[in-house]
Amino acid sequence: MLDIAEELAQWAEQGRDFAVATVVAVSGSAPRQPGAALAVDAAGTAVGSVSGGCVEGAVYELCRQALEDGETILERFGYSDEDAFAVGLTCGGVIDVLVTPVRGGVYPAALATAAAGSAAALARVADGPRELMGTALLVRPDGSYEGGLGGHPELDRTAAAEARALLDAGRTGTVAIGADGSRCGRPLTLLVESSVPPPRMIVFGAIDFASALVRVGAFLGYRVTVCDARPVFATAARFPEADEVVVGWPHEYLDSTDVDSRTVLCVLTHDAKFDVPLLQRALRLPVAYVGAMGSRRTHQDRNRRLREVGVTELELARLRSPIGLDLGARTPEETAISIAAEIVAHRRGGSGVSLTGAHTPIHHDGPDAPAGRIDSVA
């Protein structure tokens, strides 16, 4: 439910009763991943989605039912069901959906935390003893927590430790533990939803191509920064959709800012005096993606210069250059789409080839997709 926390936090502040259906697990082809949610209030207003259209009507009714009887339920929808066509899930997948009435507890605090962009994890019992269904913990990055899973301290401590591990990785997924807090005994399944700040996209080079890439990056959910040493070009007026515009030498800014394993770096300057010191540093950082714009001739010259300053072949192998997928792009907007497509393909483990006539999976478990089908970005 944290993927629609902004809307639900407002509902909670207004004192509205509502129920939330959250995808717990998927198998096969399914349009939404664990953590995707649909919420329905007492007036019948709905926000969010669990299936991109499939089964939405049936899930909506389950939310209305949960509001009436106050019960938490786990429901499965799949192509093998006799009513698959009736409910609309004909894409060949199976999804498990947890439907929970939200009335107090740690839910308002979890929604407010996620809506504010702060890091936290919400751990809920998705499958297990009836008396524990829907109980929840709110877990902070330092390991502290509030709430409880039915008055079992050892279970709370175990659940908090498992939730913190997923929160550290910025992941959403399920964890199986015993109802007594151990890895044995009566089985219990927790759905852990992680709320983490959005990943960063840093675009170096305040050119027209950068303006288009900023828009696409924002659309994909990145917090976008534009950096250029030339103050006449690096202005907020030229990049209104950027979260931050920095005037400074690119390599100096990269040295001073925080990056992590989800950060993508797009170097559009194609000027050796900027590119070489910047890429020398970028290729040694534990970031998700480093791409650089330029012709193949520029690429060869840049690689030669990078080798001269000590960049190894292993480090050079991380560089995506010329940047983007081969879409035949010419305009800034087309080029931005080709760059974004490469970033998504790299993140998800896609091939970048047309799905028409291919025999590859539509949805991949790529480098950023953890085991057990846990991820929150489609």
# chains A, B, ... in the order shown; residues from 1 in each chain; ligands from 1

$ closest_atom_pairs --of "range 233-328 of chain A" --to "range 183-207 of chain A" --cutoff "12 Å" --atoms "only C-alpha atoms" --output "tab-separated table"
residue	atom	partner	partner_atom	distance
A:Phe233	CA	A:Ala206	CA	5.8
A:Ala234	CA	A:Ala206	CA	5.6
A:Thr235	CA	A:Ala206	CA	8.5
A:Ala236	CA	A:Ala206	CA	10.5
A:Ala237	CA	A:Ala206	CA	11.6
A:Arg238	CA	A:Ala206	CA	8.5
A:Phe239	CA	A:Ala206	CA	8.5
A:Ala242	CA	A:Val203	CA	9.7
A:Asp243	CA	A:Arg200	CA	9.9
A:Glu244	CA	A:Ile202	CA	9.4
A:Val245	CA	A:Ala206	CA	9.1
A:Val246	CA	A:Phe204	CA	9.5
A:Val247	CA	A:Ala206	CA	9.7
A:Gly248	CA	A:Phe204	CA	10.1
A:Trp249	CA	A:Phe204	CA	9.4
A:Pro250	CA	A:Phe204	CA	6.5
A:His251	CA	A:Phe204	CA	9.5
A:Glu252	CA	A:Phe204	CA	11.7
A:Tyr253	CA	A:Phe204	CA	9.9
A:Leu254	CA	A:Ile202	CA	9.1
A:Thr257	CA	A:Ile202	CA	10.2
A:Asp258	CA	A:Arg200	CA	9.4
A:Val259	CA	A:Arg200	CA	7.5
A:Asp260	CA	A:Pro199	CA	8.4
A:Ser261	CA	A:Pro199	CA	8.9
A:Arg262	CA	A:Pro199	CA	5.5
A:Thr263	CA	A:Arg200	CA	4.8
A:Val264	CA	A:Met201	CA	4.9
A:Leu265	CA	A:Ile202	CA	5.0
A:Cys266	CA	A:Val203	CA	4.9
A:Val267	CA	A:Phe204	CA	4.9
A:Leu268	CA	A:Gly205	CA	5.1
A:Thr269	CA	A:Gly205	CA	4.5
A:His270	CA	A:Gly205	CA	8.4
A:Asp271	CA	A:Gly205	CA	9.4
A:Phe274	CA	A:Gly205	CA	9.1
A:Asp275	CA	A:Phe204	CA	9.1
A:Leu278	CA	A:Phe204	CA	9.2
A:Leu279	CA	A:Phe204	CA	10.8
A:Ala282	CA	A:Ile202	CA	11.1
A:Val287	CA	A:Arg200	CA	9.9
A:Ala288	CA	A:Pro199	CA	9.9
A:Tyr289	CA	A:Met201	CA	9.5
A:Val290	CA	A:Ile202	CA	9.9
A:Gly291	CA	A:Val203	CA	9.8
A:Ala292	CA	A:Phe204	CA	9.3
A:Met293	CA	A:Gly205	CA	10.0

$ atom_distance --atom1 "CA of Ala159 in chain A" --atom2 "CA of Gly147 in chain A"
11.3 Å

$ atom_distance --atom1 "CA of Leu2 in chain A" --atom2 "CA of Pro240 in chain A"
27.4 Å

$ closest_residue --among "A:Trp11, A:Ser295, A:Leu132, A:Ser338" --to "Pro322 in chain A" --atoms "only C-alpha atoms"
A:Ser295

$ residues_around --residues "Asp156 in chain A" --least-positions-apart "4" --cutoff "10 Å" --atoms "only C-alpha atoms" --output "PyMOL selection string"
chain A and resi 123+136-137+145-152+160-162+179-181

$ closest_residue --among "A:Ser27, A:Thr225, A:Ser354, A:Gln10" --to "Asp41 in chain A" --atoms "only C-alpha atoms"
A:Gln10
